[in-house]
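One file, data_6.cif, is given below (mmCIF, N, CA and C atoms).
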```cif
data_input
#
loop_
_atom_site.label_atom_id
_atom_site.label_comp_id
_atom_site.auth_asym_id
_atom_site.auth_seq_id
_atom_site.Cartn_x
_atom_site.Cartn_y
_atom_site.Cartn_z
N MET A 1 128.55 178.33 -101.36
CA MET A 1 129.46 177.20 -101.39
C MET A 1 128.92 176.13 -102.35
N LYS A 2 129.74 175.73 -103.27
CA LYS A 2 129.34 174.73 -104.26
C LYS A 2 129.26 173.36 -103.61
N LYS A 3 128.13 172.70 -103.81
CA LYS A 3 127.91 171.36 -103.27
C LYS A 3 127.83 170.36 -104.40
N LYS A 4 128.20 169.12 -104.09
CA LYS A 4 128.09 168.04 -105.07
C LYS A 4 126.84 167.23 -104.73
N ILE A 5 125.89 167.22 -105.66
CA ILE A 5 124.62 166.53 -105.48
C ILE A 5 124.58 165.35 -106.44
N ILE A 6 124.32 164.17 -105.90
CA ILE A 6 124.30 162.94 -106.70
C ILE A 6 122.87 162.43 -106.82
N PHE A 7 122.41 162.34 -108.05
CA PHE A 7 121.07 161.86 -108.37
C PHE A 7 121.22 160.42 -108.86
N VAL A 8 120.50 159.50 -108.23
CA VAL A 8 120.58 158.10 -108.63
C VAL A 8 119.21 157.66 -109.14
N TYR A 9 119.16 157.34 -110.42
CA TYR A 9 117.92 156.92 -111.06
C TYR A 9 117.65 155.44 -110.79
N ASN A 10 116.39 155.08 -110.70
CA ASN A 10 115.99 153.69 -110.55
C ASN A 10 115.90 153.06 -111.94
N ALA A 11 117.03 153.03 -112.59
CA ALA A 11 117.13 152.50 -113.95
C ALA A 11 118.55 151.98 -114.13
N LYS A 12 118.71 151.10 -115.09
CA LYS A 12 120.03 150.53 -115.39
C LYS A 12 120.57 151.16 -116.66
N SER A 13 121.89 151.13 -116.80
CA SER A 13 122.54 151.85 -117.89
C SER A 13 122.70 151.06 -119.19
N ASP A 14 122.39 149.77 -119.19
CA ASP A 14 122.56 149.00 -120.43
C ASP A 14 121.49 149.37 -121.45
N ILE A 15 121.78 149.17 -122.71
CA ILE A 15 120.90 149.60 -123.80
C ILE A 15 119.54 148.90 -123.76
N PHE A 16 119.52 147.63 -123.41
CA PHE A 16 118.25 146.90 -123.33
C PHE A 16 117.34 147.52 -122.27
N SER A 17 117.90 147.80 -121.09
CA SER A 17 117.12 148.42 -120.01
C SER A 17 116.62 149.80 -120.41
N LYS A 18 117.44 150.56 -121.10
CA LYS A 18 117.03 151.89 -121.56
C LYS A 18 115.84 151.78 -122.52
N TYR A 19 115.89 150.81 -123.40
CA TYR A 19 114.80 150.61 -124.35
C TYR A 19 113.51 150.22 -123.63
N ILE A 20 113.61 149.26 -122.71
CA ILE A 20 112.45 148.82 -121.94
C ILE A 20 111.87 149.99 -121.14
N ASP A 21 112.74 150.79 -120.53
CA ASP A 21 112.27 151.95 -119.77
C ASP A 21 111.52 152.94 -120.66
N LEU A 22 112.04 153.18 -121.84
CA LEU A 22 111.39 154.10 -122.78
C LEU A 22 109.99 153.61 -123.13
N VAL A 23 109.89 152.35 -123.47
CA VAL A 23 108.59 151.77 -123.83
C VAL A 23 107.64 151.83 -122.64
N HIS A 24 108.14 151.50 -121.47
CA HIS A 24 107.31 151.52 -120.26
C HIS A 24 106.79 152.93 -119.98
N LYS A 25 107.65 153.94 -120.10
CA LYS A 25 107.23 155.32 -119.86
C LYS A 25 106.13 155.76 -120.82
N ILE A 26 106.18 155.27 -122.04
CA ILE A 26 105.18 155.64 -123.05
C ILE A 26 103.87 154.89 -122.83
N ILE A 27 103.96 153.58 -122.62
CA ILE A 27 102.77 152.75 -122.52
C ILE A 27 102.06 152.90 -121.17
N SER A 28 102.82 152.95 -120.09
CA SER A 28 102.21 152.99 -118.76
C SER A 28 103.00 153.90 -117.82
N PRO A 29 102.97 155.20 -118.05
CA PRO A 29 103.79 156.11 -117.25
C PRO A 29 103.46 156.08 -115.75
N SER A 30 102.24 155.80 -115.39
CA SER A 30 101.87 155.80 -113.97
C SER A 30 102.48 154.64 -113.19
N THR A 31 102.93 153.59 -113.89
CA THR A 31 103.54 152.45 -113.21
C THR A 31 105.05 152.41 -113.39
N TYR A 32 105.60 153.43 -114.01
CA TYR A 32 107.05 153.47 -114.22
C TYR A 32 107.75 153.62 -112.88
N ALA A 33 108.79 152.83 -112.63
CA ALA A 33 109.40 152.71 -111.30
C ALA A 33 110.37 153.83 -110.93
N CYS A 34 110.66 154.73 -111.83
CA CYS A 34 111.62 155.79 -111.50
C CYS A 34 110.93 157.15 -111.48
N GLY A 35 110.50 157.54 -110.29
CA GLY A 35 109.86 158.84 -110.15
C GLY A 35 110.79 159.99 -110.49
N LEU A 36 112.07 159.84 -110.21
CA LEU A 36 113.04 160.89 -110.54
C LEU A 36 113.16 161.06 -112.05
N CYS A 37 113.18 159.95 -112.77
CA CYS A 37 113.22 160.02 -114.24
C CYS A 37 112.01 160.78 -114.77
N SER A 38 110.85 160.46 -114.21
CA SER A 38 109.61 161.10 -114.66
C SER A 38 109.59 162.59 -114.35
N LEU A 39 110.22 162.98 -113.25
CA LEU A 39 110.27 164.41 -112.90
C LEU A 39 111.21 165.19 -113.81
N THR A 40 112.34 164.61 -114.16
CA THR A 40 113.38 165.36 -114.88
C THR A 40 113.36 165.17 -116.40
N HIS A 41 112.70 164.12 -116.86
CA HIS A 41 112.72 163.80 -118.29
C HIS A 41 111.33 163.47 -118.83
N GLY A 42 111.11 163.84 -120.06
CA GLY A 42 109.94 163.39 -120.79
C GLY A 42 110.27 162.04 -121.40
N ASN A 43 109.51 161.64 -122.40
CA ASN A 43 109.76 160.35 -123.03
C ASN A 43 111.08 160.30 -123.78
N PHE A 44 111.50 161.42 -124.35
CA PHE A 44 112.68 161.39 -125.22
C PHE A 44 113.81 162.32 -124.81
N SER A 45 113.54 163.26 -123.93
CA SER A 45 114.60 164.20 -123.57
C SER A 45 114.35 164.84 -122.21
N GLU A 46 115.35 165.55 -121.77
CA GLU A 46 115.29 166.27 -120.50
C GLU A 46 114.23 167.37 -120.58
N LYS A 47 113.48 167.55 -119.51
CA LYS A 47 112.47 168.60 -119.48
C LYS A 47 113.15 169.97 -119.45
N GLU A 48 112.58 170.90 -120.18
CA GLU A 48 113.15 172.24 -120.33
C GLU A 48 113.36 172.93 -118.99
N GLU A 49 112.37 172.89 -118.11
CA GLU A 49 112.49 173.54 -116.80
C GLU A 49 113.65 172.96 -116.00
N TRP A 50 113.82 171.65 -116.07
CA TRP A 50 114.90 170.99 -115.35
C TRP A 50 116.25 171.37 -115.96
N ARG A 51 116.34 171.37 -117.27
CA ARG A 51 117.59 171.73 -117.93
C ARG A 51 118.03 173.14 -117.54
N ILE A 52 117.10 174.08 -117.54
CA ILE A 52 117.43 175.46 -117.18
C ILE A 52 117.92 175.53 -115.74
N PHE A 53 117.22 174.86 -114.83
CA PHE A 53 117.65 174.84 -113.43
C PHE A 53 119.04 174.22 -113.30
N ARG A 54 119.23 173.07 -113.93
CA ARG A 54 120.50 172.35 -113.84
C ARG A 54 121.65 173.18 -114.39
N GLU A 55 121.44 173.83 -115.51
CA GLU A 55 122.50 174.62 -116.14
C GLU A 55 122.82 175.90 -115.37
N ASN A 56 121.89 176.37 -114.55
CA ASN A 56 122.09 177.63 -113.84
C ASN A 56 122.37 177.48 -112.35
N THR A 57 122.46 176.26 -111.87
CA THR A 57 122.73 176.06 -110.46
C THR A 57 124.20 176.33 -110.15
N ASP A 58 124.46 176.67 -108.91
CA ASP A 58 125.84 176.86 -108.46
C ASP A 58 126.47 175.54 -108.03
N HIS A 59 125.68 174.49 -107.98
CA HIS A 59 126.15 173.21 -107.47
C HIS A 59 126.57 172.27 -108.61
N GLU A 60 127.37 171.28 -108.25
CA GLU A 60 127.76 170.24 -109.20
C GLU A 60 126.74 169.11 -109.11
N PHE A 61 126.10 168.81 -110.21
CA PHE A 61 125.13 167.72 -110.26
C PHE A 61 125.77 166.53 -110.96
N VAL A 62 125.66 165.36 -110.34
CA VAL A 62 126.15 164.11 -110.91
C VAL A 62 124.94 163.18 -111.03
N PHE A 63 124.78 162.57 -112.20
CA PHE A 63 123.64 161.69 -112.45
C PHE A 63 124.16 160.27 -112.69
N MET A 64 123.55 159.31 -111.99
CA MET A 64 124.00 157.92 -112.09
C MET A 64 122.80 156.99 -112.22
N TYR A 65 123.01 155.92 -112.98
CA TYR A 65 122.06 154.81 -112.98
C TYR A 65 122.35 153.97 -111.75
N LYS A 66 121.34 153.24 -111.28
CA LYS A 66 121.53 152.52 -110.02
C LYS A 66 122.64 151.47 -110.10
N ASN A 67 122.80 150.79 -111.24
CA ASN A 67 123.86 149.79 -111.32
C ASN A 67 125.24 150.44 -111.27
N ASP A 68 125.40 151.60 -111.89
CA ASP A 68 126.68 152.32 -111.83
C ASP A 68 126.94 152.85 -110.42
N PHE A 69 125.90 153.34 -109.77
CA PHE A 69 126.02 153.83 -108.40
C PHE A 69 126.48 152.70 -107.48
N LEU A 70 125.85 151.53 -107.60
CA LEU A 70 126.20 150.41 -106.71
C LEU A 70 127.59 149.86 -106.99
N GLU A 71 128.08 150.01 -108.21
CA GLU A 71 129.46 149.63 -108.49
C GLU A 71 130.43 150.61 -107.81
N THR A 72 130.06 151.87 -107.80
CA THR A 72 130.91 152.90 -107.20
C THR A 72 130.81 152.91 -105.68
N TYR A 73 129.61 152.68 -105.17
CA TYR A 73 129.35 152.70 -103.73
C TYR A 73 128.69 151.39 -103.29
N PRO A 74 129.42 150.28 -103.32
CA PRO A 74 128.80 148.98 -103.03
C PRO A 74 128.25 148.85 -101.61
N ASN A 75 128.73 149.65 -100.70
CA ASN A 75 128.26 149.57 -99.32
C ASN A 75 126.94 150.32 -99.09
N LEU A 76 126.40 150.93 -100.14
CA LEU A 76 125.15 151.69 -100.02
C LEU A 76 123.99 151.00 -100.75
N ASP A 77 123.95 149.69 -100.65
CA ASP A 77 122.93 148.92 -101.36
C ASP A 77 121.61 148.81 -100.59
N GLU A 78 121.52 149.43 -99.42
CA GLU A 78 120.30 149.32 -98.62
C GLU A 78 119.20 150.28 -99.06
N TYR A 79 119.51 151.17 -99.97
CA TYR A 79 118.54 152.18 -100.40
C TYR A 79 117.61 151.65 -101.49
N SER A 80 116.38 152.11 -101.44
CA SER A 80 115.45 151.92 -102.55
C SER A 80 115.64 153.12 -103.47
N PHE A 81 115.70 152.86 -104.73
CA PHE A 81 115.96 153.93 -105.70
C PHE A 81 114.65 154.39 -106.33
N PRO A 82 114.61 155.62 -106.77
CA PRO A 82 115.64 156.63 -106.91
C PRO A 82 115.91 157.35 -105.58
N VAL A 83 117.08 157.98 -105.50
CA VAL A 83 117.48 158.77 -104.33
C VAL A 83 118.34 159.94 -104.79
N ILE A 84 118.48 160.91 -103.88
CA ILE A 84 119.38 162.05 -104.12
C ILE A 84 120.25 162.21 -102.88
N PHE A 85 121.56 162.30 -103.11
CA PHE A 85 122.53 162.47 -102.03
C PHE A 85 123.28 163.78 -102.20
N GLU A 86 123.83 164.25 -101.09
CA GLU A 86 124.83 165.31 -101.13
C GLU A 86 126.14 164.69 -100.67
N GLU A 87 127.20 164.92 -101.45
CA GLU A 87 128.51 164.43 -101.03
C GLU A 87 129.15 165.51 -100.16
N ASN A 88 129.53 165.10 -98.95
CA ASN A 88 130.12 166.03 -98.00
C ASN A 88 131.35 165.37 -97.39
N LYS A 89 132.51 165.89 -97.73
CA LYS A 89 133.78 165.32 -97.24
C LYS A 89 133.88 163.83 -97.56
N LYS A 90 133.58 163.50 -98.80
CA LYS A 90 133.67 162.13 -99.33
C LYS A 90 132.64 161.17 -98.74
N LYS A 91 131.70 161.69 -97.95
CA LYS A 91 130.62 160.86 -97.41
C LYS A 91 129.32 161.31 -98.06
N LEU A 92 128.43 160.36 -98.29
CA LEU A 92 127.15 160.69 -98.89
C LEU A 92 126.09 160.85 -97.80
N GLU A 93 125.36 161.96 -97.90
CA GLU A 93 124.27 162.23 -96.98
C GLU A 93 122.98 162.25 -97.79
N LEU A 94 122.01 161.46 -97.37
CA LEU A 94 120.75 161.36 -98.08
C LEU A 94 119.98 162.68 -98.00
N ILE A 95 119.57 163.19 -99.15
CA ILE A 95 118.72 164.38 -99.19
C ILE A 95 117.27 163.96 -99.36
N PHE A 96 117.00 163.17 -100.41
CA PHE A 96 115.65 162.67 -100.67
C PHE A 96 115.70 161.17 -100.91
N ASP A 97 114.85 160.45 -100.21
CA ASP A 97 114.73 159.02 -100.47
C ASP A 97 113.63 158.80 -101.52
N SER A 98 113.43 157.56 -101.90
CA SER A 98 112.45 157.27 -102.96
C SER A 98 111.03 157.65 -102.52
N GLU A 99 110.73 157.50 -101.25
CA GLU A 99 109.40 157.86 -100.75
C GLU A 99 109.15 159.37 -100.91
N LYS A 100 110.13 160.17 -100.55
CA LYS A 100 109.99 161.62 -100.70
C LYS A 100 109.84 161.99 -102.18
N LEU A 101 110.65 161.38 -103.04
CA LEU A 101 110.57 161.69 -104.47
C LEU A 101 109.20 161.33 -105.04
N THR A 102 108.57 160.31 -104.50
CA THR A 102 107.24 159.91 -104.96
C THR A 102 106.20 161.00 -104.68
N THR A 103 106.42 161.77 -103.62
CA THR A 103 105.45 162.82 -103.27
C THR A 103 105.56 164.04 -104.18
N LEU A 104 106.67 164.18 -104.88
CA LEU A 104 106.85 165.33 -105.76
C LEU A 104 106.14 165.07 -107.08
N LYS A 105 105.28 165.96 -107.48
CA LYS A 105 104.43 165.72 -108.65
C LYS A 105 104.83 166.49 -109.89
N SER A 106 105.85 167.34 -109.78
CA SER A 106 106.25 168.13 -110.95
C SER A 106 107.72 168.50 -110.84
N VAL A 107 108.30 168.87 -111.97
CA VAL A 107 109.69 169.32 -111.96
C VAL A 107 109.82 170.58 -111.11
N GLU A 108 108.79 171.41 -111.11
CA GLU A 108 108.82 172.63 -110.30
C GLU A 108 108.89 172.30 -108.81
N SER A 109 108.16 171.29 -108.38
CA SER A 109 108.21 170.90 -106.97
C SER A 109 109.57 170.31 -106.62
N LEU A 110 110.19 169.57 -107.53
CA LEU A 110 111.54 169.05 -107.30
C LEU A 110 112.52 170.20 -107.16
N VAL A 111 112.46 171.16 -108.06
CA VAL A 111 113.37 172.31 -108.01
C VAL A 111 113.18 173.08 -106.70
N GLU A 112 111.94 173.29 -106.31
CA GLU A 112 111.65 174.03 -105.08
C GLU A 112 112.20 173.31 -103.85
N GLU A 113 111.92 172.02 -103.74
CA GLU A 113 112.39 171.24 -102.59
C GLU A 113 113.91 171.10 -102.57
N LEU A 114 114.49 170.89 -103.72
CA LEU A 114 115.94 170.76 -103.81
C LEU A 114 116.62 172.08 -103.44
N SER A 115 116.08 173.18 -103.91
CA SER A 115 116.62 174.50 -103.58
C SER A 115 116.53 174.75 -102.08
N ARG A 116 115.46 174.33 -101.48
CA ARG A 116 115.28 174.49 -100.04
C ARG A 116 116.31 173.67 -99.26
N GLU A 117 116.60 172.46 -99.74
CA GLU A 117 117.51 171.57 -99.03
C GLU A 117 118.99 171.93 -99.19
N VAL A 118 119.39 172.29 -100.39
CA VAL A 118 120.83 172.52 -100.64
C VAL A 118 121.19 173.98 -100.85
N GLY A 119 120.20 174.82 -100.94
CA GLY A 119 120.46 176.26 -101.09
C GLY A 119 120.62 176.70 -102.51
#
```
What is this file in structure tokens?
Amino acid sequence: MKKKIIFVYNAKSDIFSKYIDLVHKIISPSTYACGLCSLTHGNFSEKEEWRIFRENTDHEFVFMYKNDFLETYPNLDEYSFPVIFEENKKKLELIFDSEKLTTLKSVESLVEELSREVG
């Protein structure tokens, strides 16, 4: 059964924020605030392992910046980002909170845990 999985990055979508994030990831990657970004992307592009997984999954993946997510789901502002949700009957169910994402140290561990949770 195809599931809709929503990934919310702890980053904003405006060009200035994207530039600052890029510089931050290069200069001080260990203090970068978006663990999900670090798992799925290198400094300039999507990680190969993640791209292969994403392109071959049976599920629908939706990726959002936190400001876009909060515009779409204003009643879900209590979360610390990044987070991953599953949409089920128009309701969002938390799969991974920011604390859980912090424990994942590689794209392989993200793929493994995500596969375990959503099938």
Counting all atoms listed in the file, what is within 5 Å of Ile84 in chain A, bar same-chain residues fewer than 3 positions away, as a VMD selection string? chain A and resid 6 to 8 94 to 96
Could you list, as a list in words, every residue matched by the PyMOL selection byres ((chain A and resi 54-61) around 6.5) in this structure?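 In the shown coordinates, the PyMOL selection byres ((chain A and resi 54-61) around 6.5) covers Met1, Lys2, Lys3, Lys4, Ile5, Ile6, Phe7, Glu49, Trp50, Arg51, Ile52, Phe53, Val62 and Phe63 of chain A.
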Find the residue from A:Met64, A:Val118, A:Leu76, A:Leu39 that sits nearest to Lys105 in chain A; use only C-alpha atoms when measuring.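 Of A:Met64, A:Val118, A:Leu76, A:Leu39, the one nearest Lys105 in chain A is A:Leu39, counting only C-alpha atoms.
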Expressed in Å to a single decimal, how great is the separation between atom N of Asn10 in chain A and atom N of Val111 in chain A?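 Going from atom N of Asn10 in chain A over to atom N of Val111 in chain A, I get 16.8 Å.
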Determine the axis-aligned bounding box of all atoms of range 71-78 of chain A present in the file, pad each side by 4 Å, and express its centre and edge lengths in Å to one decimal place as JSON.
```
{"center_x": 125.1, "center_y": 150.9, "center_z": -103.6, "size_x": 19.7, "size_y": 12.1, "size_z": 17.9}
```
The residues within 9 Å of (122.7, 153.6, -110.1), using only C-alpha atoms and the coordinates of the file, should be reported as a list of chain:residue names; which are they?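 Neighbouring residues, ordered by chain and number, come to A:Phe7, A:Val8, A:Tyr9, A:Asn10, A:Ala11, A:Lys12, A:Ser13, A:Phe63, A:Met64, A:Tyr65, A:Lys66, A:Asn67, A:Asp68, A:Phe69, A:Leu70, A:Glu71, A:Thr72, A:Phe81, A:Pro82.
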May I ask for the distance between atom N of Asp97 in chain A and CA of Ile15 in chain A, given in Å to one decimal place? 26.7 Å
Atom C of Ser109 in chain A and atom C of Pro74 in chain A, how far apart in Å?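 These atoms are spaced 28.9 Å apart.
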